[in-house]
Amino acid sequence: MSVNSHQPFYDVEHRAGSQGDSGNSNANSFTWEGVTVTVKDKATGKPKDILNDVSGYVKAGEMVALMGPSGSGKTTLLNALARRRAAATASVYGDILVDGVKPSLKAFRRISSYVEQEDALIGSLTTRETLAFAARLALPRSVSKAERMERVEHLLKSFGLQGQADTVIGTPIRKGLSGGQKRRVSVASQLITGPKILFLDEPTSGLDSAASYEVMSYVKAVAKENNLMVITSIHQPSTTTFELFDKVILLSRGRTCYFGTVKGVKPYFDSIGFEMPAQMNPAEYVLDLTNIDFTRGADHHAADERLKRIQSSWAASEENRAVAHEVRSLQYGSEKREPIFDEELPRSSKLLVPLTLLHRSFIKSYRDVVVYGIRIAMYTGLAIMMGTVWLRLDTTQNSIQPFINAIFFGSAFMSFMAVAYVPAFLEDRAAFVKERQNGLYGATSFVISNFIIGLPYLFLISILFSVIAYWLSNFRPDAEAFMTWVMWLFLDLVAAESLVFLGASLFPNFVIALALIAFANGLWMSVGGFLVPPTILNVFWKYVFHYIDYQKYVFQGMMVNEFAYRTYDCGLGCACMFQSELADQCKIAGTAVLEQYGYTTGQTGEWVGIMIGIIAGYRLLGWLVTYLRKS
């Protein structure tokens, strides 16, 4: 049963051949033997096991539950089996094999998919679009559009999502799918390539018992029908949900307490002296037995002794020896099976991935008002406010300082309000992290598409703001001057959004990213040259931050654009505020204002180049952070 990317997902021939494979000795298998995960104990500095000698297996068509109390190591085991980072600074030991072979990480990613506990979905896309984009990102160009959509429609049917196919996933301000439906979409989107191993991290978290059963029953049906090997961490399933699983591995404090069939749980625990009460949920009972976190004093000692007894009973049991024998049998009997992984399986082309991400981002950008809609409305309102506050300034010297204030306010506040992009970026980043960990694409495609999609919207914002504020405030009435203002405002917004990209990549937490970016903008405002002119700015701030401050170049570029070619009347008495060569005419040359700030003309091209360099620097640093961070 090799994976064939040219073959429609869940085709009839494949489905017919899959029936009953879980009981077939030639069924594909996934085994783990002696898995131990060790971290450095912060208190003692010595190695500490958070998983110890855990073994088990799953065959095609089976679904295995990883269970245990909080802190038992079930998520650590799931990540170790999925060949993800099990824990910070952890070392993983043991044999984790597919059909008796350890494939390369690249090959393993091709045959496996991992569904995170949190639904990392683009809320403004519909269910069908979510699956369609997953197919475009994951499948090679040789799979036609008709074949991709056939897979999408089959998955919609398999997970009971036909009625919600054209419903949006849901955003904070737009209601969409229910929690159970979102979870089904998350699972379905990972099955678009027909993986053979599916890892689910707490798929029922946050769902009620009915929704939990609904999600897992669909997964069970798809697993049986298509020879999937499903490994799921799950906390405390209801009886009906628990009975959907074929096998269960019970952990506590990183050690195995039981591994075997769900039906064998009660007989096994009865046999070691822990008789299960009638009509009780077996999952609830064994979790209570192995959970000692909430016991104190003598009760804690008794519970600790009980747990040690359970773990030692398993280590010495016939059932444990049977598991070890079956694991070895599956490993060494693999030559009878066809391999399910192929190092050369193609993915989507490197050119198609950024284009697909651009298309997806474009749909999100116009559907989700949080991305740019609210910002367009906010900036338009800001333009009206600014234009009416600085309404029709004249060319007397009394208007010089208001013009300077307006230049600073317009550029700095526009830059500052780019923090509104943080929530939309964090949603995109969450989707990227999930898709990269499943081997779909890398940091470069994400960074390129994220940068390009923002440019037309930022240019639109620059035009809208300038059309209103520039002419109401009576800045230099010249078409070239207007377009130069638009250019500086556009570069200002692109730099500000690039700063958001870098800051939110460094700290992908809404509150921390917001605080960091707000602080950075406050710093740039302080050293940009308006609040304290560059001629008297403290040397530390001048030479450490002033010259790398993008707001400095925007402010001085706009100042030169406004004052280099304009003159102002000194008014009655010819008491000119700035001395220039026009003083004998009772006028002030705008260049005198620029000299006050130490600005010279003729350097616009150089400043634009520096701005582009700063933008590129932010993006390259953001790419580096995105590339190096694995979560």
# chains A, B, ... in the order shown; residues from 1 in each chain; ligands from 1
>>> residues_around(residues="Ile404 in chain A", least_positions_apart="4", cutoff="8 Å", atoms="only C-alpha atoms", output="ChimeraX atom specification")
/A:400,408,559
>>> write_last_selection(atoms="C-alpha atoms", output="mmCIF file, in the first residue's frame")
data_model
loop_
_atom_site.group_PDB
_atom_site.id
_atom_site.type_symbol
_atom_site.label_atom_id
_atom_site.label_comp_id
_atom_site.auth_asym_id
_atom_site.auth_seq_id
_atom_site.Cartn_x
_atom_site.Cartn_y
_atom_site.Cartn_z
ATOM 1 C CA ILE A 400 5.293 77.129 10.396
ATOM 2 C CA PHE A 408 5.213 64.691 12.901
ATOM 3 C CA MET A 559 9.997 68.372 6.103
#
>>> closest_atom_pairs(of="range 169-252 of chain A", to="range 428-449 of chain A", cutoff="12 Å", atoms="only C-alpha atoms", output="JSON lines")
{"residue": "A:Ser186", "atom": "CA", "partner": "A:Lys434", "partner_atom": "CA", "distance": 10.4}
{"residue": "A:Ser189", "atom": "CA", "partner": "A:Glu435", "partner_atom": "CA", "distance": 10.3}
{"residue": "A:Gln190", "atom": "CA", "partner": "A:Asn438", "partner_atom": "CA", "distance": 8.5}
{"residue": "A:Leu191", "atom": "CA", "partner": "A:Asn438", "partner_atom": "CA", "distance": 11.2}
{"residue": "A:Ile192", "atom": "CA", "partner": "A:Leu440", "partner_atom": "CA", "distance": 11.9}
{"residue": "A:Thr193", "atom": "CA", "partner": "A:Leu440", "partner_atom": "CA", "distance": 10.7}
{"residue": "A:Pro195", "atom": "CA", "partner": "A:Asn438", "partner_atom": "CA", "distance": 10.7}
{"residue": "A:Ile197", "atom": "CA", "partner": "A:Asn438", "partner_atom": "CA", "distance": 11.9}
{"residue": "A:Leu198", "atom": "CA", "partner": "A:Asn438", "partner_atom": "CA", "distance": 10.9}
{"residue": "A:Phe199", "atom": "CA", "partner": "A:Asn438", "partner_atom": "CA", "distance": 10.8}
>>> select_by_dssp(residues="range 38-188 of chain A", states="strand (DSSP E)", output="PyMOL selection string")
chain A and resi 38-40+47-59+63-67+91-98+112-115
>>> closest_atom_pairs(of="range 390-457 of chain A", to="range 472-485 of chain A", cutoff="10 Å", atoms="only C-alpha atoms", output="JSON lines")
{"residue": "A:Trp390", "atom": "CA", "partner": "A:Ser473", "partner_atom": "CA", "distance": 5.2}
{"residue": "A:Leu391", "atom": "CA", "partner": "A:Ser473", "partner_atom": "CA", "distance": 4.8}
{"residue": "A:Arg392", "atom": "CA", "partner": "A:Ser473", "partner_atom": "CA", "distance": 4.9}
{"residue": "A:Leu393", "atom": "CA", "partner": "A:Asn474", "partner_atom": "CA", "distance": 5.7}
{"residue": "A:Asp394", "atom": "CA", "partner": "A:Asn474", "partner_atom": "CA", "distance": 7.3}
{"residue": "A:Thr395", "atom": "CA", "partner": "A:Asn474", "partner_atom": "CA", "distance": 9.2}
{"residue": "A:Pro402", "atom": "CA", "partner": "A:Ser473", "partner_atom": "CA", "distance": 9.7}
{"residue": "A:Phe403", "atom": "CA", "partner": "A:Phe475", "partner_atom": "CA", "distance": 7.7}
{"residue": "A:Ala406", "atom": "CA", "partner": "A:Ser473", "partner_atom": "CA", "distance": 8.3}
{"residue": "A:Ile407", "atom": "CA", "partner": "A:Phe475", "partner_atom": "CA", "distance": 9.5}
{"residue": "A:Ser411", "atom": "CA", "partner": "A:Trp485", "partner_atom": "CA", "distance": 9.9}
>>> write_last_selection(atoms="N, CA and C atoms", output="short mmCIF file (atom, residue, chain, number, x, y, z; two decimals), in the first residue's frame")
data_model
loop_
_atom_site.label_atom_id
_atom_site.label_comp_id
_atom_site.auth_asym_id
_atom_site.auth_seq_id
_atom_site.Cartn_x
_atom_site.Cartn_y
_atom_site.Cartn_z
N TRP A 390 -5.90 70.84 11.72
CA TRP A 390 -4.92 71.69 11.06
C TRP A 390 -5.55 72.26 9.77
N LEU A 391 -6.75 72.78 9.86
CA LEU A 391 -7.52 73.17 8.69
C LEU A 391 -6.98 74.45 8.05
N ARG A 392 -6.67 74.34 6.75
CA ARG A 392 -6.31 75.48 5.90
C ARG A 392 -5.26 76.38 6.53
N LEU A 393 -4.16 75.81 6.92
CA LEU A 393 -3.05 76.62 7.43
C LEU A 393 -2.57 77.55 6.30
N ASP A 394 -2.16 78.76 6.69
CA ASP A 394 -1.75 79.72 5.65
C ASP A 394 -0.23 79.77 5.56
N THR A 395 0.28 80.76 4.81
CA THR A 395 1.73 80.85 4.59
C THR A 395 2.35 81.98 5.40
N PRO A 402 2.79 74.82 13.35
CA PRO A 402 1.68 73.88 13.13
C PRO A 402 1.94 72.93 11.95
N PHE A 403 2.58 73.43 10.88
CA PHE A 403 2.92 72.53 9.76
C PHE A 403 3.88 71.43 10.24
N ALA A 406 2.05 68.96 12.34
CA ALA A 406 1.19 68.10 11.52
C ALA A 406 2.00 67.01 10.83
N ILE A 407 3.20 67.37 10.34
CA ILE A 407 4.06 66.37 9.69
C ILE A 407 4.42 65.27 10.69
N SER A 411 2.85 61.30 10.41
CA SER A 411 3.75 60.18 10.15
C SER A 411 3.90 59.28 11.36
#
>>> residues_around(residues="Thr261 in chain A", least_positions_apart="5", cutoff="12 Å", atoms="only C-alpha atoms", output="VMD selection string")
chain A and resid 56 to 58 62 to 65 242 to 250 266 to 268 319 323
>>> write_last_selection(atoms="N, CA and C atoms", output="JSON list (two decimals), in the first residue's frame")
[["chain", "number", "residue", "atom", "x", "y", "z"],
["A", 56, "GLY", "N", 5.13, 0.18, 22.63],
["A", 56, "GLY", "CA", 3.77, -0.07, 22.14],
["A", 56, "GLY", "C", 3.77, -0.14, 20.62],
["A", 57, "TYR", "N", 2.59, -0.28, 20.06],
["A", 57, "TYR", "CA", 2.48, -0.41, 18.61],
["A", 57, "TYR", "C", 1.05, -0.06, 18.19],
["A", 58, "VAL", "N", 0.93, 0.26, 16.91],
["A", 58, "VAL", "CA", -0.38, 0.46, 16.31],
["A", 58, "VAL", "C", -0.31, -0.07, 14.89],
["A", 62, "GLU", "N", -6.12, 1.05, 13.07],
["A", 62, "GLU", "CA", -6.35, 1.10, 14.52],
["A", 62, "GLU", "C", -6.20, 2.51, 15.06],
["A", 63, "MET", "N", -6.83, 2.72, 16.21],
["A", 63, "MET", "CA", -6.78, 4.01, 16.88],
["A", 63, "MET", "C", -6.36, 3.78, 18.33],
["A", 64, "VAL", "N", -5.26, 4.41, 18.74],
["A", 64, "VAL", "CA", -4.68, 4.21, 20.07],
["A", 64, "VAL", "C", -4.82, 5.49, 20.88],
["A", 65, "ALA", "N", -5.27, 5.36, 22.12],
["A", 65, "ALA", "CA", -5.40, 6.50, 23.03],
["A", 65, "ALA", "C", -4.20, 6.55, 23.97],
["A", 242, "PHE", "N", -14.45, 6.54, 24.78],
["A", 242, "PHE", "CA", -13.37, 5.61, 25.12],
["A", 242, "PHE", "C", -13.50, 4.30, 24.36],
["A", 243, "GLU", "N", -14.71, 3.84, 24.19],
["A", 243, "GLU", "CA", -14.93, 2.55, 23.51],
["A", 243, "GLU", "C", -14.66, 2.61, 22.01],
["A", 244, "LEU", "N", -14.49, 3.81, 21.46],
["A", 244, "LEU", "CA", -14.15, 3.94, 20.04],
["A", 244, "LEU", "C", -12.71, 3.50, 19.77],
["A", 245, "PHE", "N", -11.85, 3.57, 20.78],
["A", 245, "PHE", "CA", -10.44, 3.26, 20.58],
["A", 245, "PHE", "C", -10.22, 1.76, 20.55],
["A", 246, "ASP", "N", -9.23, 1.35, 19.77],
["A", 246, "ASP", "CA", -8.85, -0.07, 19.72],
["A", 246, "ASP", "C", -7.92, -0.42, 20.86],
["A", 247, "LYS", "N", -6.97, 0.47, 21.14],
["A", 247, "LYS", "CA", -6.00, 0.24, 22.20],
["A", 247, "LYS", "C", -5.85, 1.49, 23.04],
["A", 248, "VAL", "N", -5.29, 1.31, 24.23],
["A", 248, "VAL", "CA", -5.03, 2.44, 25.12],
["A", 248, "VAL", "C", -3.69, 2.20, 25.81],
["A", 249, "ILE", "N", -2.92, 3.27, 25.91],
["A", 249, "ILE", "CA", -1.70, 3.23, 26.72],
["A", 249, "ILE", "C", -1.89, 4.20, 27.87],
["A", 250, "LEU", "N", -1.75, 3.70, 29.08],
["A", 250, "LEU", "CA", -1.98, 4.48, 30.29],
["A", 250, "LEU", "C", -0.64, 4.81, 30.92],
["A", 266, "LYS", "N", -10.61, -3.55, 31.99],
["A", 266, "LYS", "CA", -11.26, -4.05, 33.21],
["A", 266, "LYS", "C", -10.70, -5.39, 33.66],
["A", 267, "PRO", "N", -10.60, -6.40, 32.77],
["A", 267, "PRO", "CA", -10.04, -7.68, 33.22],
["A", 267, "PRO", "C", -8.62, -7.54, 33.77],
["A", 268, "TYR", "N", -7.80, -6.69, 33.15],
["A", 268, "TYR", "CA", -6.42, -6.57, 33.62],
["A", 268, "TYR", "C", -6.38, -5.97, 35.02],
["A", 319, "GLU", "N", 1.00, -9.61, 30.03],
["A", 319, "GLU", "CA", 0.54, -8.68, 29.00],
["A", 319, "GLU", "C", 1.70, -7.82, 28.48],
["A", 323, "VAL", "N", 3.23, -7.61, 24.68],
["A", 323, "VAL", "CA", 3.44, -6.38, 23.91],
["A", 323, "VAL", "C", 4.86, -6.36, 23.34]]
>>> atom_distance(atom1="CA of Ala188 in chain A", atom2="CA of Leu156 in chain A")
7.8 Å
>>> atom_distance(atom1="CA of Thr601 in chain A", atom2="CA of Ala564 in chain A")
7.0 Å
>>> closest_residue(among="A:Val168, A:Met385, A:Cys257, A:Ala221", to="Asn320 in chain A", atoms="only C-alpha atoms")
A:Cys257
>>> select_by_dssp(residues="range 385-612 of chain A", states="helix (DSSP H, G or I)", output="PyMOL selection string")
chain A and resi 385-389+397-437+443-473+479-506+510-527+539-544+546-548+550-563+572-574+583-585+590-597+604-612
>>> atom_distance(atom1="CA of Leu537 in chain A", atom2="CA of Ala520 in chain A")
18.1 Å
>>> residues_around(residues="Thr290 in chain A", least_positions_apart="3", cutoff="9 Å", atoms="only C-alpha atoms", output="list in words")
Gly68, Pro69, Leu250, Leu251, Ser252, Arg253, Cys257, Tyr285, Val286, Leu287, Ala303, Asp304, Arg306, Leu307 and Ile310 of chain A
>>> residues_around(residues="range 355-366 of chain A", least_positions_apart="4", cutoff="8 Å", atoms="only C-alpha atoms", output="VMD selection string")
chain A and resid 122 124 to 125 133 136 to 137 351 371 to 373 445 to 446 449 to 450 452 to 453
>>> write_last_selection(atoms="N, CA and C atoms", output="short mmCIF file (atom, residue, chain, number, x, y, z; two decimals), in the first residue's frame")
data_model
loop_
_atom_site.label_atom_id
_atom_site.label_comp_id
_atom_site.auth_asym_id
_atom_site.auth_seq_id
_atom_site.Cartn_x
_atom_site.Cartn_y
_atom_site.Cartn_z
N ILE A 122 -7.59 29.54 9.47
CA ILE A 122 -7.85 30.91 9.03
C ILE A 122 -9.35 31.15 9.12
N SER A 124 -11.48 33.40 8.34
CA SER A 124 -12.28 34.02 7.28
C SER A 124 -12.47 33.11 6.08
N LEU A 125 -11.85 31.94 6.06
CA LEU A 125 -12.05 30.99 4.97
C LEU A 125 -13.22 30.08 5.26
N PHE A 133 -7.18 24.83 0.01
CA PHE A 133 -5.84 25.41 0.14
C PHE A 133 -4.87 24.40 0.73
N ARG A 136 -3.77 22.36 -2.17
CA ARG A 136 -2.85 23.07 -3.06
C ARG A 136 -1.45 23.16 -2.46
N LEU A 137 -1.37 23.32 -1.14
CA LEU A 137 -0.06 23.42 -0.49
C LEU A 137 0.64 22.07 -0.40
N LEU A 351 7.43 27.51 -6.41
CA LEU A 351 6.78 28.72 -6.90
C LEU A 351 5.30 28.74 -6.54
N VAL A 371 -8.11 42.54 9.55
CA VAL A 371 -6.81 42.58 8.88
C VAL A 371 -6.51 44.00 8.38
N TYR A 372 -7.33 44.51 7.47
CA TYR A 372 -7.10 45.85 6.94
C TYR A 372 -8.35 46.73 6.98
N GLY A 373 -9.53 46.14 7.04
CA GLY A 373 -10.75 46.94 7.01
C GLY A 373 -10.84 47.93 8.14
N SER A 445 8.78 31.09 2.06
CA SER A 445 7.50 31.26 1.37
C SER A 445 6.54 32.09 2.22
N PHE A 446 6.53 31.85 3.53
CA PHE A 446 5.65 32.59 4.43
C PHE A 446 6.03 34.07 4.46
N SER A 449 5.18 35.89 1.02
CA SER A 449 3.75 36.11 0.80
C SER A 449 3.19 37.13 1.78
N ASN A 450 3.66 37.09 3.03
CA ASN A 450 3.20 38.05 4.03
C ASN A 450 3.58 39.47 3.66
N ILE A 452 4.29 40.68 0.50
CA ILE A 452 3.66 41.15 -0.74
C ILE A 452 2.19 41.49 -0.53
N ILE A 453 1.47 40.68 0.24
CA ILE A 453 0.02 40.88 0.35
C ILE A 453 -0.31 42.22 1.01
#
>>> closest_residue(among="A:Thr396, A:Val389, A:Thr130, A:Leu531", to="Gly571 in chain A", atoms="only C-alpha atoms")
A:Thr396
